[in-house]
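Participant: My structure file upload_17.tsv, TSV, C-alpha atoms, is below:
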chain	number	residue	atom	x	y	z
A	1	MET	CA	0.00	0.00	0.00
A	2	THR	CA	1.42	3.37	-0.96
A	3	THR	CA	0.56	6.91	-0.04
A	4	SER	CA	2.50	10.13	0.41
A	5	VAL	CA	2.57	12.38	3.43
A	6	ASP	CA	1.69	16.02	3.00
A	7	ASN	CA	4.55	18.42	2.65
A	8	ALA	CA	3.33	21.88	3.62
A	9	GLN	CA	6.35	23.50	2.02
A	10	THR	CA	5.60	22.31	-1.51
A	11	ALA	CA	2.39	24.12	-2.35
A	12	THR	CA	-0.03	26.81	-1.35
A	13	ASP	CA	-2.63	25.76	1.19
A	14	PRO	CA	-5.21	24.04	-1.04
A	15	ILE	CA	-8.09	25.18	1.13
A	16	GLU	CA	-7.19	28.82	0.54
A	17	THR	CA	-7.10	28.18	-3.20
A	18	LEU	CA	-10.30	26.16	-3.15
A	19	GLY	CA	-12.53	28.67	-1.36
A	20	PRO	CA	-12.89	31.22	-4.18
A	21	VAL	CA	-13.49	28.46	-6.75
A	22	ILE	CA	-16.34	27.08	-4.64
A	23	ASP	CA	-17.85	30.50	-4.00
A	24	ASP	CA	-17.60	31.80	-7.55
A	25	VAL	CA	-18.22	28.69	-9.67
A	26	ILE	CA	-19.04	25.39	-8.00
A	27	ARG	CA	-21.74	26.42	-5.52
A	28	PRO	CA	-23.70	28.55	-8.03
A	29	GLN	CA	-23.43	25.83	-10.69
A	30	ALA	CA	-24.39	22.88	-8.44
A	31	PRO	CA	-28.20	23.13	-8.83
A	32	ILE	CA	-27.85	23.53	-12.60
A	33	VAL	CA	-25.50	20.55	-12.90
A	34	ASP	CA	-27.99	18.43	-10.94
A	35	ARG	CA	-31.12	19.68	-12.70
A	36	ASP	CA	-29.79	19.31	-16.23
A	37	GLY	CA	-27.47	16.34	-15.66
A	38	THR	CA	-24.64	18.26	-17.32
A	39	PHE	CA	-20.94	17.61	-16.80
A	40	PRO	CA	-19.54	20.30	-14.43
A	41	ARG	CA	-16.99	21.58	-16.91
A	42	PRO	CA	-16.88	25.16	-15.55
A	43	GLY	CA	-16.05	23.87	-12.07
A	44	VAL	CA	-13.46	21.38	-13.32
A	45	ASP	CA	-11.80	24.07	-15.44
A	46	ALA	CA	-11.74	26.47	-12.49
A	47	LEU	CA	-10.16	23.81	-10.27
A	48	ALA	CA	-7.57	23.16	-12.97
A	49	ALA	CA	-6.76	26.87	-13.26
A	50	ALA	CA	-6.34	27.04	-9.48
A	51	GLY	CA	-3.80	24.21	-9.55
A	52	LEU	CA	-6.03	21.76	-7.72
A	53	LEU	CA	-6.13	18.99	-10.35
A	54	GLY	CA	-2.37	18.67	-9.83
A	55	LEU	CA	-2.59	18.73	-6.05
A	56	ALA	CA	-1.43	15.12	-5.62
A	57	SER	CA	1.15	15.22	-8.43
A	58	SER	CA	4.83	15.20	-7.58
A	59	THR	CA	6.67	18.51	-7.37
A	60	GLU	CA	9.21	16.88	-9.70
A	61	VAL	CA	6.74	17.36	-12.57
A	62	GLY	CA	5.30	20.66	-11.33
A	63	GLY	CA	2.54	19.35	-9.08
A	64	GLY	CA	1.45	20.35	-5.62
A	65	GLY	CA	3.20	17.51	-3.82
A	66	HIS	CA	0.37	17.04	-1.34
A	67	GLY	CA	-0.64	13.71	0.13
A	68	MET	CA	-3.92	12.04	0.81
A	69	ARG	CA	-4.96	14.14	3.81
A	70	ALA	CA	-5.01	17.43	1.91
A	71	VAL	CA	-6.68	15.79	-1.09
A	72	ALA	CA	-9.36	14.28	1.17
A	73	THR	CA	-10.09	17.75	2.55
A	74	VAL	CA	-10.60	19.07	-0.98
A	75	ILE	CA	-13.01	16.23	-1.83
A	76	GLU	CA	-14.93	16.81	1.42
A	77	ARG	CA	-15.33	20.49	0.65
A	78	LEU	CA	-16.39	19.84	-2.94
A	79	ALA	CA	-18.92	17.18	-1.94
A	80	ALA	CA	-20.55	19.59	0.50
A	81	GLU	CA	-21.37	21.84	-2.46
A	82	CYS	CA	-21.65	19.64	-5.56
A	83	GLY	CA	-21.50	15.87	-5.43
A	84	SER	CA	-21.03	15.52	-9.18
A	85	THR	CA	-17.96	17.77	-9.25
A	86	ALA	CA	-16.54	16.01	-6.21
A	87	MET	CA	-16.91	12.58	-7.84
A	88	VAL	CA	-15.25	13.70	-11.08
A	89	VAL	CA	-12.28	15.06	-9.13
A	90	LEU	CA	-12.19	12.02	-6.82
A	91	MET	CA	-11.83	9.66	-9.79
A	92	HIS	CA	-9.19	11.95	-11.28
A	93	TYR	CA	-7.10	11.74	-8.11
A	94	ALA	CA	-7.52	7.94	-7.89
A	95	ALA	CA	-6.33	7.52	-11.49
A	96	THR	CA	-3.51	10.00	-10.89
A	97	ALA	CA	-2.16	7.73	-8.16
A	98	VAL	CA	-1.53	5.02	-10.77
A	99	ILE	CA	-0.14	7.41	-13.35
A	100	GLU	CA	2.22	8.94	-10.80
A	101	ALA	CA	3.57	5.46	-10.03
A	102	HIS	CA	3.68	4.00	-13.54
A	103	GLY	CA	2.69	6.57	-16.16
A	104	PRO	CA	4.78	8.56	-18.64
A	105	ARG	CA	6.35	11.80	-17.54
A	106	ASP	CA	4.57	13.96	-20.13
A	107	VAL	CA	1.14	12.87	-18.90
A	108	ARG	CA	2.21	13.32	-15.27
A	109	ALA	CA	3.36	16.85	-16.10
A	110	ALA	CA	0.11	17.66	-17.91
A	111	ILE	CA	-1.90	16.50	-14.88
A	112	ALA	CA	0.34	18.51	-12.59
A	113	THR	CA	-0.30	21.74	-14.49
A	114	GLY	CA	-4.06	21.16	-14.75
A	115	ASP	CA	-4.06	20.47	-18.49
A	116	HIS	CA	-5.17	16.85	-18.21
A	117	LEU	CA	-8.21	15.23	-16.60
A	118	THR	CA	-8.00	11.49	-16.06
A	119	THR	CA	-10.26	8.80	-14.61
A	120	LEU	CA	-10.61	5.07	-13.93
A	121	ALA	CA	-12.23	2.61	-16.35
A	122	PHE	CA	-12.53	-0.60	-14.34
A	123	SER	CA	-16.18	-1.74	-14.10
A	124	GLU	CA	-17.38	-3.97	-16.93
A	125	TYR	CA	-20.68	-5.45	-18.06
A	126	GLY	CA	-19.40	-8.97	-17.61
A	127	SER	CA	-18.19	-8.64	-14.01
A	128	ARG	CA	-20.16	-5.57	-12.87
A	129	SER	CA	-18.91	-4.27	-9.51
A	130	HIS	CA	-16.25	-7.00	-9.24
A	131	PHE	CA	-13.58	-4.72	-10.65
A	132	TRP	CA	-10.90	-7.24	-9.72
A	133	SER	CA	-12.20	-9.63	-12.41
A	134	PRO	CA	-11.96	-7.90	-15.82
A	135	THR	CA	-13.43	-9.58	-18.87
A	136	GLY	CA	-12.08	-7.26	-21.56
A	137	SER	CA	-9.14	-8.58	-23.56
A	138	ALA	CA	-5.67	-7.38	-24.47
A	139	THR	CA	-4.07	-8.96	-27.54
A	140	PRO	CA	-0.50	-8.31	-28.70
A	141	ALA	CA	-0.02	-7.26	-32.32
A	142	ASP	CA	3.00	-7.54	-34.60
A	143	ASP	CA	3.69	-3.79	-34.73
A	144	ASP	CA	4.47	-3.41	-31.02
A	145	THR	CA	0.93	-2.35	-30.27
A	146	VAL	CA	-1.79	-3.98	-28.20
A	147	ARG	CA	-5.42	-4.41	-29.18
A	148	LEU	CA	-7.97	-3.73	-26.42
A	149	ASP	CA	-11.56	-4.92	-26.60
A	150	ALA	CA	-14.01	-4.35	-23.75
A	151	ARG	CA	-17.45	-3.16	-22.68
A	152	LYS	CA	-17.03	-0.86	-19.69
A	153	SER	CA	-20.28	-0.37	-17.80
A	154	TRP	CA	-19.66	2.85	-15.85
A	155	VAL	CA	-16.85	5.31	-16.49
A	156	THR	CA	-16.95	8.61	-14.62
A	157	SER	CA	-16.14	11.56	-16.92
A	158	ALA	CA	-16.71	9.35	-19.97
A	159	GLY	CA	-16.10	11.41	-23.08
A	160	GLU	CA	-14.82	14.29	-20.95
A	161	ALA	CA	-11.51	12.98	-19.59
A	162	ASN	CA	-8.22	13.19	-21.49
A	163	SER	CA	-7.21	9.66	-20.53
A	164	TYR	CA	-8.51	6.47	-18.92
A	165	VAL	CA	-6.70	4.09	-16.59
A	166	TRP	CA	-8.04	0.96	-18.24
A	167	SER	CA	-8.15	-2.59	-16.91
A	168	SER	CA	-8.05	-5.77	-18.99
A	169	LEU	CA	-7.20	-9.41	-18.83
A	170	PRO	CA	-3.43	-9.90	-19.13
A	171	LEU	CA	-1.62	-10.30	-22.42
A	172	HIS	CA	-0.42	-13.71	-21.30
A	173	ARG	CA	-2.90	-15.90	-19.48
A	174	ASP	CA	-0.50	-17.07	-16.77
A	175	ALA	CA	0.81	-13.58	-16.00
A	176	GLY	CA	-1.85	-12.68	-13.44
A	177	PRO	CA	-5.47	-11.59	-13.22
A	178	MET	CA	-5.32	-8.06	-14.62
A	179	THR	CA	-3.23	-5.59	-16.58
A	180	LEU	CA	-3.58	-1.80	-16.57
A	181	TRP	CA	-3.20	0.54	-19.54
A	182	LEU	CA	-3.20	4.29	-20.05
A	183	VAL	CA	-5.69	4.89	-22.88
A	184	PRO	CA	-5.77	8.35	-24.50
A	185	ALA	CA	-9.25	9.77	-25.06
A	186	ASP	CA	-8.64	10.23	-28.78
A	187	SER	CA	-7.83	6.55	-29.39
A	188	ALA	CA	-9.50	5.09	-32.47
A	189	GLY	CA	-12.02	2.44	-31.47
A	190	LEU	CA	-12.92	4.09	-28.15
A	191	ARG	CA	-16.56	5.16	-27.88
A	192	VAL	CA	-19.07	6.38	-25.31
A	193	THR	CA	-22.09	4.14	-25.90
A	194	GLY	CA	-24.83	5.55	-23.70
A	195	ASP	CA	-26.11	8.41	-21.59
A	196	PHE	CA	-26.47	8.83	-17.84
A	197	ASP	CA	-29.76	9.89	-16.27
A	198	GLY	CA	-29.26	8.88	-12.67
A	199	LEU	CA	-30.97	9.39	-9.35
A	200	GLY	CA	-27.99	11.31	-7.99
A	201	LEU	CA	-24.54	12.50	-9.06
A	202	ARG	CA	-26.34	13.48	-12.20
A	203	GLY	CA	-23.49	15.48	-13.72
A	204	ASN	CA	-20.59	13.12	-13.14
A	205	GLY	CA	-20.72	11.76	-16.70
A	206	SER	CA	-20.78	8.12	-15.60
A	207	ARG	CA	-21.50	6.41	-18.89
A	208	PRO	CA	-20.70	3.11	-20.63
A	209	MET	CA	-17.75	2.93	-22.99
A	210	THR	CA	-16.52	0.32	-25.44
A	211	ALA	CA	-13.15	-0.48	-26.90
A	212	ASP	CA	-13.53	-2.16	-30.28
A	213	GLY	CA	-10.16	-2.95	-31.81
A	214	LEU	CA	-8.61	-0.06	-29.89
A	215	ARG	CA	-4.83	0.06	-30.37
A	216	VAL	CA	-2.34	1.41	-27.85
A	217	PRO	CA	1.46	1.17	-27.87
A	218	SER	CA	2.92	-1.61	-25.74
A	219	ALA	CA	4.49	1.17	-23.69
A	220	ALA	CA	0.99	2.25	-22.59
A	221	ARG	CA	1.00	-0.65	-20.14
A	222	MET	CA	1.33	0.49	-16.52
A	223	ALA	CA	3.30	-1.95	-14.34
A	224	ALA	CA	4.04	-5.49	-15.44
A	225	ASP	CA	1.67	-7.68	-17.41
A	226	GLY	CA	-0.69	-9.33	-14.93
A	227	ALA	CA	0.31	-7.00	-12.09
A	228	GLY	CA	-2.72	-4.76	-12.48
A	229	LEU	CA	-4.61	-6.20	-9.53
A	230	ASP	CA	-1.70	-5.66	-7.17
A	231	THR	CA	-1.38	-2.12	-8.52
A	232	ALA	CA	-5.12	-1.54	-8.10
A	233	LEU	CA	-5.10	-2.82	-4.53
A	234	GLY	CA	-1.89	-1.08	-3.55
A	235	ALA	CA	-1.98	2.23	-5.40
A	236	VAL	CA	-5.61	2.84	-6.35
A	237	LEU	CA	-7.76	1.30	-3.61
A	238	PRO	CA	-6.43	3.37	-0.65
A	239	TRP	CA	-7.00	6.61	-2.55
A	240	PHE	CA	-10.37	5.55	-3.90
A	241	LEU	CA	-11.80	4.29	-0.60
A	242	VAL	CA	-10.45	7.10	1.58
A	243	LEU	CA	-11.59	9.80	-0.84
A	244	ASN	CA	-15.01	8.15	-1.04
A	245	ALA	CA	-15.20	8.43	2.73
A	246	ALA	CA	-14.27	12.11	2.51
A	247	PHE	CA	-16.95	12.53	-0.16
A	248	CYS	CA	-19.54	10.98	2.18
A	249	LEU	CA	-18.36	13.15	5.06
A	250	GLY	CA	-18.81	16.30	3.01
A	251	LEU	CA	-22.34	15.32	2.06
A	252	ALA	CA	-23.28	14.34	5.62
A	253	ASP	CA	-21.76	17.43	7.20
A	254	SER	CA	-23.50	19.78	4.78
A	255	ALA	CA	-26.83	18.01	5.34
A	256	VAL	CA	-26.50	18.39	9.12
A	257	ALA	CA	-25.56	22.05	8.74
A	258	GLU	CA	-28.55	22.73	6.50
A	259	ALA	CA	-30.88	20.92	8.89
A	260	GLY	CA	-29.53	22.97	11.78
A	261	ARG	CA	-30.10	26.22	9.92
A	262	HIS	CA	-33.63	25.19	9.03
A	263	LEU	CA	-34.51	24.27	12.62
A	264	THR	CA	-33.07	27.54	13.89
A	265	ARG	CA	-34.68	29.97	11.48
A	266	THR	CA	-38.09	28.33	11.06
A	267	THR	CA	-40.85	29.31	13.52
A	268	LEU	CA	-44.43	28.28	14.07
A	269	THR	CA	-46.64	31.32	13.67
A	270	HIS	CA	-49.39	30.10	15.99
A	271	THR	CA	-46.98	29.48	18.92
A	272	GLY	CA	-44.02	31.72	18.17
A	273	ALA	CA	-41.65	28.81	18.86
A	274	ALA	CA	-38.78	27.85	16.59
A	275	LEU	CA	-38.48	24.23	15.48
A	276	ARG	CA	-35.31	23.97	17.57
A	277	ASP	CA	-37.32	24.61	20.75
A	278	ALA	CA	-38.66	21.05	20.72
A	279	PRO	CA	-36.41	18.69	22.77
A	280	VAL	CA	-37.09	15.73	20.48
A	281	THR	CA	-36.00	17.77	17.45
A	282	ARG	CA	-32.79	18.84	19.18
A	283	ARG	CA	-32.12	15.24	20.15
A	284	ASP	CA	-32.53	14.02	16.59
A	285	LEU	CA	-30.22	16.72	15.26
A	286	ALA	CA	-27.64	15.81	17.91
A	287	ARG	CA	-27.73	12.19	16.80
A	288	LEU	CA	-26.99	13.20	13.21
A	289	MET	CA	-24.13	15.41	14.36
A	290	ILE	CA	-22.62	12.62	16.45
A	291	ARG	CA	-22.80	10.15	13.56
A	292	THR	CA	-21.10	12.66	11.27
A	293	ASP	CA	-18.39	13.55	13.79
A	294	ALA	CA	-17.73	9.85	14.42
A	295	LEU	CA	-17.11	9.39	10.69
A	296	ARG	CA	-14.77	12.39	10.72
A	297	ALA	CA	-12.79	10.88	13.58
A	298	PHE	CA	-12.59	7.47	11.88
A	299	LEU	CA	-11.46	9.05	8.61
A	300	GLY	CA	-8.79	11.00	10.47
A	301	ASP	CA	-7.55	7.81	12.12
A	302	THR	CA	-7.47	6.03	8.75
A	303	LEU	CA	-5.30	8.79	7.30
A	304	THR	CA	-2.98	8.60	10.30
A	305	ALA	CA	-2.72	4.82	9.90
A	306	LEU	CA	-1.67	5.30	6.28
A	307	GLU	CA	0.77	8.11	7.01
A	308	THR	CA	2.48	6.22	9.83
A	309	GLY	CA	2.43	2.78	8.21
A	310	ARG	CA	0.38	1.20	10.97
A	311	ASP	CA	-0.28	-2.53	10.79
A	312	ASP	CA	-4.04	-1.93	10.64
A	313	ALA	CA	-3.85	0.55	7.75
A	314	MET	CA	-5.42	-1.77	5.17
A	315	LEU	CA	-8.17	-2.76	7.61
A	316	ARG	CA	-8.97	0.90	8.26
A	317	VAL	CA	-9.03	1.66	4.52
A	318	LEU	CA	-11.58	-1.09	3.91
A	319	GLN	CA	-13.66	-0.12	6.93
A	320	VAL	CA	-13.81	3.60	6.27
A	321	LYS	CA	-15.83	3.51	3.03
A	322	ALA	CA	-18.23	0.92	4.47
A	323	LEU	CA	-18.77	3.11	7.51
A	324	ALA	CA	-19.04	6.25	5.40
A	325	GLY	CA	-21.59	4.78	3.00
A	326	GLU	CA	-23.94	3.74	5.78
A	327	THR	CA	-23.39	6.96	7.73
A	328	VAL	CA	-24.15	9.33	4.88
A	329	ALA	CA	-27.26	7.35	3.88
A	330	ASP	CA	-28.62	7.48	7.42
A	331	VAL	CA	-27.64	11.10	8.08
A	332	THR	CA	-29.12	12.50	4.87
A	333	ASP	CA	-32.28	10.47	5.47
A	334	GLY	CA	-32.49	11.84	9.01
A	335	ALA	CA	-31.95	15.40	7.83
A	336	MET	CA	-34.79	15.01	5.34
A	337	GLN	CA	-37.10	13.84	8.12
A	338	LEU	CA	-36.07	16.66	10.44
A	339	CYS	CA	-36.85	19.31	7.87
A	340	GLY	CA	-40.15	17.75	6.81
A	341	GLY	CA	-41.87	18.95	3.67
A	342	SER	CA	-39.35	21.77	3.24
A	343	ALA	CA	-36.65	19.20	2.53
A	344	PHE	CA	-38.42	18.20	-0.68
A	345	ARG	CA	-37.95	21.67	-2.14
A	346	ARG	CA	-34.93	21.84	-4.40
A	347	GLU	CA	-33.81	25.22	-3.10
A	348	LEU	CA	-32.97	23.83	0.33
A	349	GLY	CA	-30.43	21.48	-1.27
A	350	LEU	CA	-31.19	18.56	1.05
A	351	GLU	CA	-32.96	16.36	-1.48
A	352	ARG	CA	-29.96	16.67	-3.83
A	353	ARG	CA	-27.59	15.58	-1.07
A	354	PHE	CA	-29.96	12.75	-0.15
A	355	ARG	CA	-29.91	11.49	-3.74
A	356	ASP	CA	-26.15	11.89	-4.16
A	357	ALA	CA	-25.58	9.94	-0.94
A	358	ARG	CA	-27.26	6.80	-2.33
A	359	ALA	CA	-24.29	6.12	-4.63
A	360	ALA	CA	-21.83	5.27	-1.86
A	361	ARG	CA	-23.43	1.94	-1.01
A	362	VAL	CA	-23.41	0.59	-4.55
A	363	MET	CA	-20.18	2.06	-5.92
A	364	ALA	CA	-17.59	-0.70	-6.27
A	365	PRO	CA	-16.36	-2.08	-4.03
A	366	THR	CA	-19.88	-2.05	-2.62
A	367	THR	CA	-20.63	-1.92	1.09
A	368	ASP	CA	-21.48	-5.63	1.05
A	369	ALA	CA	-18.16	-6.46	-0.63
A	370	LEU	CA	-16.26	-4.32	1.87
A	371	HIS	CA	-17.94	-6.09	4.78
A	372	ASP	CA	-16.75	-9.38	3.31
A	373	PHE	CA	-13.21	-8.02	2.86
A	374	VAL	CA	-13.11	-6.80	6.46
A	375	GLY	CA	-14.37	-10.17	7.67
A	376	ARG	CA	-11.70	-11.93	5.64
A	377	LEU	CA	-8.90	-9.85	7.15
A	378	ALA	CA	-10.35	-10.27	10.64
A	379	THR	CA	-10.35	-14.07	10.30
A	380	GLY	CA	-6.97	-14.47	8.62
A	381	LEU	CA	-8.21	-15.10	5.07
A	382	PRO	CA	-6.71	-13.46	1.98
A	383	LEU	CA	-8.59	-10.44	0.64
A	384	LEU	CA	-9.51	-12.35	-2.53
A	385	ASP	CA	-9.65	-16.02	-3.36
A	386	GLU	CA	-6.75	-17.31	-5.46
A	387	ALA	CA	-9.15	-17.73	-8.38
A	388	ASN	CA	-9.55	-13.96	-8.48
A	389	ARG	CA	-5.84	-13.17	-8.33
What does the file become when written as structure tokens?
Facilitator:
Amino acid sequence: MTTSVDNAQTATDPIETLGPVIDDVIRPQAPIVDRDGTFPRPGVDALAAAGLLGLASSTEVGGGGHGMRAVATVIERLAAECGSTAMVVLMHYAATAVIEAHGPRDVRAAIATGDHLTTLAFSEYGSRSHFWSPTGSATPADDDTVRLDARKSWVTSAGEANSYVWSSLPLHRDAGPMTLWLVPADSAGLRVTGDFDGLGLRGNGSRPMTADGLRVPSAARMAADGAGLDTALGAVLPWFLVLNAAFCLGLADSAVAEAGRHLTRTTLTHTGAALRDAPVTRRDLARLMIRTDALRAFLGDTLTALETGRDDAMLRVLQVKALAGETVADVTDGAMQLCGGSAFRRELGLERRFRDARAARVMAPTTDALHDFVGRLATGLPLLDEANR
């Protein structure tokens, strides 16, 4: 498992840079992105211009040099305002982790300077949320290229990203379970094959893609043939799961804050009492706050485990998304109940957060899969059966 520790001397405080982008672009655009299901290009471009797409890139190639803790804070802040934008950037950072470890320098430099948006392309029709079992093929050709054929079921930023970290079966059957490739967006044979009209995260561009005779150079392979699963578990999974937890925390925290404001400012005309004056209402709000703060504490401990190389770091990484997915679902549901009929109005923003929160449970690895992984580690079993490795 790999992660870098923040170096405060390498970049401007990302929170200071992020604030104006949120105020000027992302917050005003969030209702429009959700209503129309449009990709949040203005927000992504503003984040790129502010240097935030290169936040996790090495200073060697012009990036911010920040580690997972600072990046998690950015995702938390973005999710509080616009879940779709947060998910696009989350997937960009997860893919960047692979490219930083195994990608070409020119792409790393482009990401570092904000000129390149990347994403993961793991989930497939044949294996669904079991990302560790690709069905798409990779076939060597005589001209030092590789042919990729696959049907990817959900790719965030599909048709919008500049590159895709792409999984396939290995070139050689006995090499291992998976190989990873860096696929440029302009590759011949790469197509977006559907639209996305989802319950939540409506602007994250999560659409199916196909590779039909797509050719990439052999040098596009990242890590050794067959080593893709180890790379995914070691380089991608910690970033993906921890940032998903930060995403959930941002949604939950913003829902609690909105519920608190509603209870404070809303009064009953016939009694003159505010909604907060009812002890049961205060109790229910307190419960939501405690659940959210408990997730914040667990996320903080997970980051510390990674930064210090604790023995339980992998266990914490697996636990944190499972905890976060259940927490944000319960907290946003509770906030909707607290605010009653007002919560169903779009202008309050609670129903959007409620819908966006539903994705955490079903996004691979799903909560059920994570519970199984945690149980495996707790009982001394390998994370995956040998048949899946």
Participant: Between CA of Cys82 in chain A and CA of Ala360 in chain A, what is the distance in Å, rounded to a tenth?
Facilitator: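 Taking CA of Cys82 in chain A and CA of Ala360 in chain A, their separation equals 14.8 Å.
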Participant: If you count only C-alpha atoms, which residues fall within 10 Å of Asp230 in chain A, apart from same-chain ones fewer than 6 positions away, as a VMD selection string?
Facilitator: chain A and resid 1 132 176 to 179 223 236 to 237 389
Participant: Mind dumping the selected residues with C-alpha atoms as a compact mmCIF listing (two decimals), in the frame of the given file?
Facilitator:
# COMPACT_ATOMS: atom_id res chain seq x y z
CA MET A 1 0.00 0.00 0.00
CA TRP A 132 -10.90 -7.24 -9.72
CA GLY A 176 -1.85 -12.68 -13.44
CA PRO A 177 -5.47 -11.59 -13.22
CA MET A 178 -5.32 -8.06 -14.62
CA THR A 179 -3.23 -5.59 -16.58
CA ALA A 223 3.30 -1.95 -14.34
CA VAL A 236 -5.61 2.84 -6.35
CA LEU A 237 -7.76 1.30 -3.61
CA ARG A 389 -5.84 -13.17 -8.33
Participant: Restricting the calculation to only C-alpha atoms: of A:Ala86, A:Ala359, A:Leu299, A:Ala56, which residue gets closest to Leu318 in chain A?
Facilitator: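 For Leu318 in chain A, the nearest of the given residues is A:Leu299.
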Participant: Kindly indicate which residue among A:Leu190, A:Leu120, A:Val242, A:Ala141 lies nearest to Ala313 in chain A, using all atoms listed in the file for the distances.
Facilitator: A:Val242
Participant: Mind running range 14-93 of chain A against range 108-111 of chain A at 12 Å and telling me each contacting residue's nearest atom pair with the distance in Å (one decimal), counting only C-alpha atoms, chain and number ascending, as a Markdown table?
Facilitator:
| residue | atom | partner | partner_atom | distance |
| --- | --- | --- | --- | --- |
| A:Leu47 | CA | A:Ile111 | CA | 12.0 |
| A:Ala48 | CA | A:Ile111 | CA | 9.0 |
| A:Ala49 | CA | A:Ile111 | CA | 11.6 |
| A:Gly51 | CA | A:Ile111 | CA | 9.6 |
| A:Leu52 | CA | A:Ile111 | CA | 9.8 |
| A:Leu53 | CA | A:Ile111 | CA | 6.7 |
| A:Gly54 | CA | A:Ile111 | CA | 5.5 |
| A:Leu55 | CA | A:Ile111 | CA | 9.1 |
| A:Ala56 | CA | A:Ile111 | CA | 9.4 |
| A:Ser57 | CA | A:Arg108 | CA | 7.2 |
| A:Ser58 | CA | A:Arg108 | CA | 8.3 |
| A:Thr59 | CA | A:Ala109 | CA | 9.5 |
| A:Glu60 | CA | A:Ala109 | CA | 8.7 |
| A:Val61 | CA | A:Ala109 | CA | 4.9 |
| A:Gly62 | CA | A:Ala109 | CA | 6.4 |
| A:Gly63 | CA | A:Ala109 | CA | 7.5 |
| A:Gly64 | CA | A:Ile111 | CA | 10.6 |
| A:Val89 | CA | A:Ile111 | CA | 12.0 |
| A:His92 | CA | A:Ile111 | CA | 9.3 |
| A:Tyr93 | CA | A:Ile111 | CA | 9.8 |
Participant: Can you work out which one of A:Ala246, A:Val74, A:Ala185, A:Ala219 has the shortest atom-to-atom distance to Pro104 in chain A, counting all atoms listed in the file?
Facilitator: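 Smallest separation from Pro104 in chain A among the options: A:Ala219.
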Participant: Can you tell me, as JSON, numbers by chain, what residues are no more than 8 Å from Met289 in chain A when counting only C-alpha atoms, ignoring any on the same chain fewer than 3 positions away?
Facilitator: {"A": [253, 256, 285, 286, 292, 293]}
Participant: Have a look at A:Gly272, A:Gly126, A:Gly228, A:Gly250 and name the one nearest to Val328 in chain A; count all atoms listed in the file.
Facilitator: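 The closest residue to Val328 in chain A is A:Gly250.
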Participant: I want to know what sits within 8 Å of Asn244 in chain A, based on all atoms listed in the file, with residues of the same chain fewer than 5 positions away left out; could you give that as a PyMOL selection string?
Facilitator: chain A and resi 90+321+324+360
Participant: For the residues in that selection, give me C-alpha atoms as a PDB file, in the frame of the given file.
Facilitator:
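As a result, selection23.pdb now contains:
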ATOM      1  CA  LEU A  90     -12.190  12.020  -6.820  1.00  0.00           C
ATOM      2  CA  LYS A 321     -15.830   3.510   3.030  1.00  0.00           C
ATOM      3  CA  ALA A 324     -19.040   6.250   5.400  1.00  0.00           C
ATOM      4  CA  ALA A 360     -21.830   5.270  -1.860  1.00  0.00           C
TER       5      ALA A 360
END
